[in-house]
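Q: See coords36.cif below, with mmCIF, C-alpha atoms and all ligand atoms.
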```
data_final
#
loop_
_atom_site.label_atom_id
_atom_site.label_comp_id
_atom_site.auth_asym_id
_atom_site.auth_seq_id
_atom_site.Cartn_x
_atom_site.Cartn_y
_atom_site.Cartn_z
CA MET A 1 0.00 0.00 0.00
CA GLY A 2 1.21 3.56 -0.71
CA LYS A 3 2.75 5.56 2.14
CA THR A 4 1.18 8.63 3.74
CA ARG A 5 2.74 12.08 3.33
CA ASP A 6 4.22 11.84 6.86
CA GLU A 7 5.77 8.42 6.16
CA ILE A 8 7.16 9.86 2.92
CA ALA A 9 8.63 12.86 4.76
CA LYS A 10 10.28 10.47 7.25
CA ALA A 11 11.68 8.33 4.41
CA TYR A 12 13.48 11.40 3.10
CA HIS A 13 15.42 11.80 6.32
CA SER A 14 18.99 10.90 5.32
CA GLU A 15 22.50 12.29 5.41
CA PRO A 16 22.94 14.98 2.72
CA TRP A 17 25.98 13.24 1.15
CA TRP A 18 24.06 9.94 0.87
CA TYR A 19 21.01 11.74 -0.50
CA ASP A 20 23.11 13.31 -3.29
CA ILE A 21 24.96 10.09 -4.24
CA ARG A 22 21.72 8.09 -4.18
CA GLY A 23 20.07 10.81 -6.29
CA PHE A 24 22.78 10.49 -8.93
CA PHE A 25 22.19 6.72 -9.28
CA ILE A 26 18.41 7.11 -9.36
CA LEU A 27 18.67 9.84 -12.00
CA THR A 28 21.00 7.78 -14.18
CA PHE A 29 19.50 4.31 -13.86
CA ALA A 30 15.80 4.86 -13.01
CA TYR A 31 15.05 8.08 -14.92
CA ASN A 32 17.70 7.42 -17.62
CA SER A 33 18.39 11.14 -17.49
CA THR A 34 21.24 13.50 -16.62
CA ILE A 35 21.76 16.66 -14.59
CA GLY A 36 22.58 18.46 -17.88
CA ALA A 37 19.18 17.54 -19.34
CA GLN A 38 17.44 18.77 -16.17
CA LEU A 39 19.36 22.06 -16.20
CA ARG A 40 18.40 22.68 -19.82
CA PHE A 41 14.75 21.85 -19.15
CA PHE A 42 14.15 23.63 -15.82
CA GLY A 43 16.90 26.29 -15.87
CA PRO A 44 15.22 28.70 -18.32
CA HIS A 45 11.84 28.29 -16.61
CA PHE A 46 11.91 30.92 -13.84
CA GLY A 47 9.39 33.77 -14.07
CA LYS A 48 9.53 36.96 -11.97
CA ASN A 49 7.75 35.31 -9.05
CA HIS A 50 8.57 31.60 -9.10
CA ILE A 51 7.56 28.65 -6.94
CA GLU A 52 9.78 25.58 -6.67
CA ILE A 53 7.49 22.76 -5.52
CA ALA A 54 9.14 20.02 -3.44
CA CYS A 55 12.53 21.76 -3.52
CA GLY A 56 14.08 19.20 -1.15
CA THR A 57 17.50 20.26 0.18
CA GLY A 58 17.77 22.80 -2.65
CA THR A 59 20.78 21.07 -4.27
CA LEU A 60 19.14 21.10 -7.68
CA LEU A 61 17.56 24.54 -7.21
CA ASP A 62 21.04 25.88 -6.40
CA LEU A 63 22.37 24.31 -9.62
CA PHE A 64 19.48 25.88 -11.59
CA LEU A 65 20.40 29.30 -10.17
CA ARG A 66 24.11 28.83 -10.96
CA TRP A 67 23.15 27.72 -14.49
CA ARG A 68 21.04 30.88 -14.85
CA ARG A 69 23.90 33.09 -13.68
CA TRP A 70 26.22 31.35 -16.17
CA HIS A 71 23.69 32.03 -18.94
CA LYS A 72 23.21 35.62 -17.72
CA LEU A 73 19.49 35.10 -17.12
CA PRO A 74 17.70 37.45 -14.71
CA GLN A 75 17.54 36.80 -10.99
CA VAL A 76 13.98 36.26 -9.77
CA ASP A 77 12.09 35.88 -6.51
CA ILE A 78 11.72 32.25 -5.52
CA THR A 79 9.52 30.48 -3.02
CA GLY A 80 10.55 26.90 -2.28
CA ILE A 81 8.26 24.48 -0.48
CA ASP A 82 8.74 20.91 0.73
CA TYR A 83 6.83 18.63 3.09
CA ALA A 84 9.91 16.93 4.62
CA GLU A 85 11.25 19.22 7.32
CA SER A 86 14.67 17.52 7.29
CA MET A 87 15.01 18.29 3.57
CA LEU A 88 13.81 21.84 4.00
CA ALA A 89 16.33 22.39 6.82
CA GLY A 90 19.10 21.64 4.28
CA ALA A 91 17.62 24.19 1.85
CA MET A 92 17.38 26.77 4.65
CA ARG A 93 21.09 26.35 5.43
CA ARG A 94 21.98 26.47 1.74
CA PHE A 95 20.04 29.67 0.99
CA ALA A 96 20.60 31.48 4.29
CA GLY A 97 21.60 35.01 3.33
CA ASN A 98 19.96 34.84 -0.10
CA GLY A 99 17.11 37.33 0.27
CA ARG A 100 15.48 36.25 -3.00
CA VAL A 101 14.81 32.66 -1.91
CA ARG A 102 12.06 32.11 0.68
CA LEU A 103 11.34 28.65 2.01
CA ARG A 104 8.13 27.30 3.52
CA HIS A 105 7.12 23.97 4.99
CA ALA A 106 4.07 22.93 2.97
CA ASP A 107 2.25 20.06 1.35
CA ALA A 108 2.07 20.41 -2.43
CA ALA A 109 -1.61 19.53 -2.16
CA ARG A 110 -2.35 22.38 0.33
CA LEU A 111 -0.22 25.32 -0.67
CA PRO A 112 -0.39 28.23 1.81
CA PHE A 113 -0.57 30.89 -0.91
CA ALA A 114 -3.33 32.99 -2.45
CA ASP A 115 -4.82 32.16 -5.84
CA ALA A 116 -2.90 33.49 -8.86
CA THR A 117 0.32 34.33 -6.98
CA PHE A 118 3.10 32.89 -9.17
CA ASP A 119 4.36 33.33 -12.75
CA THR A 120 6.04 29.92 -12.99
CA ALA A 121 6.26 26.64 -11.07
CA ASN A 122 8.85 23.89 -11.33
CA ILE A 123 8.23 20.39 -9.99
CA ALA A 124 11.56 18.63 -10.40
CA ASN A 125 11.80 14.90 -9.69
CA ALA A 126 8.83 14.96 -7.34
CA ILE A 127 5.37 14.46 -8.91
CA HIS A 128 5.79 10.68 -8.62
CA CYS A 129 6.56 11.14 -4.89
CA PHE A 130 3.20 12.76 -4.09
CA PRO A 131 0.56 10.56 -2.46
CA ALA A 132 -2.21 12.94 -3.62
CA VAL A 133 -1.00 13.90 -7.09
CA ASP A 134 -4.36 15.15 -8.40
CA SER A 135 -4.86 17.48 -5.41
CA ALA A 136 -1.28 18.73 -5.83
CA LEU A 137 -1.79 19.48 -9.54
CA LEU A 138 -5.03 21.32 -8.72
CA ASP A 139 -3.34 23.40 -6.05
CA VAL A 140 -0.36 24.28 -8.25
CA PHE A 141 -2.89 25.32 -10.90
CA ARG A 142 -4.70 27.48 -8.31
CA VAL A 143 -1.60 29.41 -7.16
CA LEU A 144 -0.45 30.14 -10.74
CA LYS A 145 -1.56 33.31 -12.50
CA PRO A 146 -3.60 32.90 -15.70
CA GLY A 147 -1.10 32.31 -18.51
CA ALA A 148 1.56 31.10 -16.06
CA THR A 149 3.42 27.87 -16.73
CA MET A 150 4.41 24.72 -14.86
CA ALA A 151 7.41 22.58 -15.79
CA ALA A 152 7.59 19.05 -14.43
CA ASN A 153 9.38 15.80 -15.05
CA VAL A 154 7.67 12.54 -14.22
CA LEU A 155 9.17 9.12 -13.65
CA LEU A 156 7.61 6.58 -16.03
CA TYR A 157 7.38 2.81 -15.76
CA PRO A 158 10.69 1.56 -17.14
CA ARG A 159 11.06 0.50 -20.73
CA GLY A 160 14.04 -0.36 -22.92
CA PRO A 161 16.29 -3.38 -23.23
CA TRP A 162 17.53 -5.76 -20.55
CA PRO A 163 19.35 -5.16 -18.21
CA LEU A 164 18.49 -1.42 -18.11
CA LYS A 165 14.74 -2.02 -17.70
CA SER A 166 15.32 -4.57 -14.97
CA ILE A 167 17.75 -2.29 -13.06
CA ALA A 168 15.23 0.58 -13.21
CA GLU A 169 12.43 -1.74 -12.00
CA ARG A 170 14.51 -2.84 -9.03
CA ILE A 171 15.38 0.74 -8.07
CA ASN A 172 11.68 1.68 -8.28
CA THR A 173 10.59 -1.30 -6.15
CA TRP A 174 13.19 -0.33 -3.53
CA GLY A 175 12.11 3.34 -3.67
CA ILE A 176 8.43 2.48 -3.18
CA ARG A 177 9.23 0.14 -0.27
CA LYS A 178 11.37 2.83 1.35
CA GLY A 179 8.79 5.57 0.72
CA ILE A 180 10.86 7.94 -1.43
CA LEU A 181 8.84 6.99 -4.52
CA TYR A 182 5.04 6.83 -4.49
CA THR A 183 4.57 5.42 -7.98
CA PRO A 184 5.94 5.73 -11.51
CA TYR A 185 3.32 6.63 -14.15
CA GLU A 186 2.22 5.61 -17.60
CA CYS A 187 2.74 8.65 -19.81
CA GLU A 188 -0.93 8.83 -20.85
CA ASP A 189 -2.09 8.60 -17.23
CA ILE A 190 -0.08 11.57 -15.90
CA ARG A 191 -0.85 13.54 -19.06
CA ARG A 192 -4.59 13.02 -18.46
CA ARG A 193 -4.23 14.11 -14.81
CA ILE A 194 -2.41 17.34 -15.81
CA LEU A 195 -5.16 18.13 -18.31
CA ALA A 196 -7.86 17.26 -15.74
CA ALA A 197 -6.35 19.83 -13.32
CA GLY A 198 -7.11 22.47 -15.98
CA PHE A 199 -3.71 22.89 -17.65
CA GLU A 200 -3.07 22.94 -21.36
CA ILE A 201 0.07 21.12 -22.46
CA ILE A 202 2.37 23.32 -24.50
CA ARG A 203 5.47 21.11 -24.79
CA GLU A 204 6.23 17.50 -23.93
CA ILE A 205 9.28 15.30 -24.40
CA ARG A 206 9.53 11.65 -23.53
CA SER A 207 13.13 10.62 -22.97
CA GLY A 208 14.40 7.45 -21.29
CA ASN A 209 12.00 6.71 -18.43
CA THR A 210 11.14 10.38 -18.01
CA TYR A 211 8.26 12.52 -19.24
CA ASN A 212 9.17 16.22 -19.35
CA VAL A 213 6.14 18.42 -19.62
CA MET A 214 5.53 22.16 -19.88
CA ALA A 215 1.93 23.09 -19.16
CA ARG A 216 0.08 26.40 -18.99
CA LYS A 217 -2.85 27.70 -17.00
CA PRO A 218 -5.14 29.10 -19.70
CA VAL A 219 -5.39 32.89 -19.81
CA SER A 220 -9.15 32.69 -19.95
CA LEU A 221 -10.78 30.03 -17.78
CA GLY A 222 -14.18 30.44 -19.43
C1 LIG B 1 13.23 13.15 -5.14
S1 LIG B 1 13.03 14.55 -4.10
C2 LIG B 1 13.28 15.88 -5.24
C3 LIG B 1 13.83 17.11 -4.55
C4 LIG B 1 14.27 18.22 -5.51
N1 LIG B 1 13.16 18.75 -6.28
C5 LIG B 1 15.35 17.68 -6.43
O1 LIG B 1 15.05 17.45 -7.61
O2 LIG B 1 16.47 17.48 -5.97
C6 LIG B 1 11.26 14.58 -3.85
C7 LIG B 1 10.83 15.64 -2.85
O3 LIG B 1 9.40 15.65 -2.79
C8 LIG B 1 9.05 15.99 -1.47
N2 LIG B 1 7.64 15.67 -1.25
C9 LIG B 1 7.06 14.44 -1.23
N3 LIG B 1 5.74 14.57 -1.02
C10 LIG B 1 5.48 15.90 -0.89
C11 LIG B 1 4.30 16.66 -0.67
N4 LIG B 1 3.11 16.08 -0.54
N5 LIG B 1 4.40 18.00 -0.61
C12 LIG B 1 5.60 18.62 -0.76
N6 LIG B 1 6.76 17.96 -0.96
C13 LIG B 1 6.69 16.60 -1.03
C14 LIG B 1 10.00 15.17 -0.63
O4 LIG B 1 10.06 15.62 0.69
C15 LIG B 1 11.30 15.36 -1.41
O5 LIG B 1 12.01 16.48 -0.93
#
```
Would you put the structure from the file into structure tokens?
A:
Amino acid sequence: MGKTRDEIAKAYHSEPWWYDIRGFFILTFAYNSTIGAQLRFFGPHFGKNHIEIACGTGTLLDLFLRWRRWHKLPQVDITGIDYAESMLAGAMRRFAGNGRVRLRHADAARLPFADATFDTANIANAIHCFPAVDSALLDVFRVLKPGATMAANVLLYPRGPWPLKSIAERINTWGIRKGILYTPYECEDIRRRILAAGFEIIREIRSGNTYNVMARKPVSLG
């Protein structure tokens, strides 16, 4: 049976060095993706008032911001949220002294922000960790301004040749048992859920076991 959000938060309690090494293996062998691909996908996607959903310890967010500085892209105001307090504590240490990054403890499915607050939202490596994915998508939709965009990558059920498929399946089974993965998705399933939340899909790329999707809250909700 799937874990609750509190069991998931507890499962994320680990030493930062182990979290980063483990993340590298999961990214390579379960997602079949790379940090470079994530930087190119999420890095350009920061509007003036941005929300980073499930920011974790902020390791990746920090890399996005470095990537942006390297590409001379504008600095923006960022709100990061995560439900695991141990993860958020790492992000708070990392961004202490950076006045443009605010961090809040929050459930993606119950965001403590007013409707139509943000210009962009990133959900990096996390949708498949949410126990209530439909509620989370609805709440992200709610806090985005009309015309604002959400970028997300979603872990898919593994495909491809042996032994890669089998390695990815084993990592996923371990992740679900531990609680750091709620479920991988079929591409059509998560696509349907994003559309059901009200988004329109403006760009989508399926690569390895990952679905990268850019979706927009329609300007007119009529
Ligand atoms: C694999 S980590 C990704 C962290 C970060 N985005 C990254 O890419 O490095 C998944 C994150 O989702 C968070 N998470 C899981 N369920 C959540 C929920 N319901 N609300 C907010 N964050 C949640 C976990 O605490 C964890 O930090």
Q: CA of Glu204 in chain A and atom C10 of ligand LIG 1 (chain B) are how many Å apart?
A: 23.1 Å
Q: Any idea what the distance is between CA of Ile51 in chain A and CA of Tyr19 in chain A?
A: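 These two atoms are separated by 22.5 Å.
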Q: Calculate how many Å separate CA of Pro158 in chain A from CA of Ala30 in chain A, rounding to one decimal.
A: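 Computed distance, CA of Pro158 in chain A to CA of Ala30 in chain A, equals 7.4 Å.
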Q: Find the nearest atom pair between each residue of chain A and ligand LIG 1 (chain B) for residues within 6 Å, count only C-alpha atoms and all ligand atoms, give distances in Å to one decimal, sort rows by chain and ascending number, and present the table as a tab-separated table.
A:
```
residue	atom	partner	partner_atom	distance
A:Arg5	CA	B:LIG1	N4	5.6
A:Ala9	CA	B:LIG1	O4	5.1
A:Tyr12	CA	B:LIG1	O4	5.9
A:Ala54	CA	B:LIG1	N6	4.0
A:Cys55	CA	B:LIG1	N1	4.1
A:Gly56	CA	B:LIG1	O5	3.4
A:Thr59	CA	B:LIG1	O2	5.9
A:Leu60	CA	B:LIG1	O2	4.8
A:Asp82	CA	B:LIG1	N6	3.9
A:Tyr83	CA	B:LIG1	C12	4.0
A:Ala84	CA	B:LIG1	O4	4.1
A:Met87	CA	B:LIG1	O5	5.7
A:Ala106	CA	B:LIG1	C12	5.9
A:Asp107	CA	B:LIG1	N5	3.6
A:Ala108	CA	B:LIG1	N5	3.8
A:Ala124	CA	B:LIG1	N1	4.4
A:Asn125	CA	B:LIG1	O1	4.6
A:Ala126	CA	B:LIG1	C6	4.3
A:Cys129	CA	B:LIG1	C9	5.0
A:Phe130	CA	B:LIG1	N3	4.4
```
Q: Restricting the calculation to all atoms listed in the file: of A:Thr149, A:Phe29, A:Ala132, A:Ala11, which residue gets closest to Ser166 in chain A?
A: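 With all atoms listed in the file as the atom set, the closest residue is A:Phe29.
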Q: Tell me, as a list in words, which residues lie within 8 Å of Trp67 in chain A, counting all atoms listed in the file; anything in the same chain fewer than 4 positions away does not count.
A: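 Using all atoms listed in the file, the neighbours found are Leu39, Gly43, Leu63 and His71 of chain A.
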Q: In terms of the shortest atom-to-atom distance over only C-alpha atoms, which of A:Phe25, A:Tyr211, A:Phe41, A:Tyr31 is closest to Asn153 in chain A?
A: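 Answer, going by the shortest atom-to-atom distance: A:Tyr211.
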Q: Hey, which of A:Val143, A:Leu138, A:Leu156, A:Val219 ends up closest to Leu195 in chain A? Count only C-alpha atoms.
A: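 Answer, going by the shortest atom-to-atom distance: A:Leu138.
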Q: With all atoms listed in the file as the basis for distance, which of A:Gly179, A:Asn32, A:Asp62, A:Leu137 is at the shortest distance from Lys10 in chain A?
A: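 The answer is A:Gly179, which sits nearest to Lys10 in chain A.
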Q: Contacts of range 93-103 of chain A at 8 Å or less, counting only C-alpha atoms, minus same-chain residues fewer than 6 places along, as an mmCIF file with C-alpha atoms, in the coordinates of the input?
A:
```cif
data_model
loop_
_atom_site.group_PDB
_atom_site.id
_atom_site.type_symbol
_atom_site.label_atom_id
_atom_site.label_comp_id
_atom_site.auth_asym_id
_atom_site.auth_seq_id
_atom_site.Cartn_x
_atom_site.Cartn_y
_atom_site.Cartn_z
ATOM 1 C CA THR A 57 17.500 20.260 0.180
ATOM 2 C CA GLY A 58 17.770 22.800 -2.650
ATOM 3 C CA VAL A 76 13.980 36.260 -9.770
ATOM 4 C CA ASP A 77 12.090 35.880 -6.510
ATOM 5 C CA ILE A 78 11.720 32.250 -5.520
ATOM 6 C CA THR A 79 9.520 30.480 -3.020
ATOM 7 C CA GLY A 80 10.550 26.900 -2.280
ATOM 8 C CA ILE A 81 8.260 24.480 -0.480
#
```
Q: Please output range 193-210 of chain A, rebuilt to include N, CA and C atoms, as a CSV table (one decimal), keeping the file's coordinate frame.
A:
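Output saved as rebuild.csv:
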```csv
chain,number,residue,atom,x,y,z
A,193,ARG,N,-4.0,13.4,-16.1
A,193,ARG,CA,-4.2,14.1,-14.8
A,193,ARG,C,-3.9,15.6,-14.9
A,194,ILE,N,-2.8,15.9,-15.6
A,194,ILE,CA,-2.4,17.3,-15.8
A,194,ILE,C,-3.5,18.1,-16.5
A,195,LEU,N,-4.1,17.5,-17.6
A,195,LEU,CA,-5.2,18.1,-18.3
A,195,LEU,C,-6.4,18.3,-17.4
A,196,ALA,N,-6.7,17.2,-16.6
A,196,ALA,CA,-7.9,17.3,-15.7
A,196,ALA,C,-7.8,18.4,-14.7
A,197,ALA,N,-6.5,18.7,-14.3
A,197,ALA,CA,-6.4,19.8,-13.3
A,197,ALA,C,-6.7,21.2,-14.0
A,198,GLY,N,-6.7,21.2,-15.3
A,198,GLY,CA,-7.1,22.5,-16.0
A,198,GLY,C,-6.0,23.0,-16.9
A,199,PHE,N,-4.8,22.4,-16.8
A,199,PHE,CA,-3.7,22.9,-17.6
A,199,PHE,C,-3.9,22.6,-19.1
A,200,GLU,N,-3.2,23.3,-20.0
A,200,GLU,CA,-3.1,22.9,-21.4
A,200,GLU,C,-1.6,22.6,-21.5
A,201,ILE,N,-1.3,21.6,-22.3
A,201,ILE,CA,0.1,21.1,-22.5
A,201,ILE,C,0.7,21.9,-23.6
A,202,ILE,N,1.8,22.5,-23.4
A,202,ILE,CA,2.4,23.3,-24.5
A,202,ILE,C,3.6,22.7,-25.1
A,203,ARG,N,4.3,21.8,-24.3
A,203,ARG,CA,5.5,21.1,-24.8
A,203,ARG,C,5.6,19.8,-24.0
A,204,GLU,N,6.0,18.8,-24.7
A,204,GLU,CA,6.2,17.5,-23.9
A,204,GLU,C,7.3,16.7,-24.6
A,205,ILE,N,8.2,16.1,-23.8
A,205,ILE,CA,9.3,15.3,-24.4
A,205,ILE,C,9.4,14.0,-23.6
A,206,ARG,N,9.3,12.9,-24.2
A,206,ARG,CA,9.5,11.6,-23.5
A,206,ARG,C,11.0,11.2,-23.8
A,207,SER,N,11.7,11.0,-22.8
A,207,SER,CA,13.1,10.6,-23.0
A,207,SER,C,13.5,9.6,-21.9
A,208,GLY,N,14.1,8.5,-22.3
A,208,GLY,CA,14.4,7.4,-21.3
A,208,GLY,C,13.1,7.1,-20.6
A,209,ASN,N,13.2,7.0,-19.2
A,209,ASN,CA,12.0,6.7,-18.4
A,209,ASN,C,11.4,8.0,-17.8
A,210,THR,N,11.6,9.1,-18.5
A,210,THR,CA,11.1,10.4,-18.0
A,210,THR,C,10.2,11.1,-19.0
```
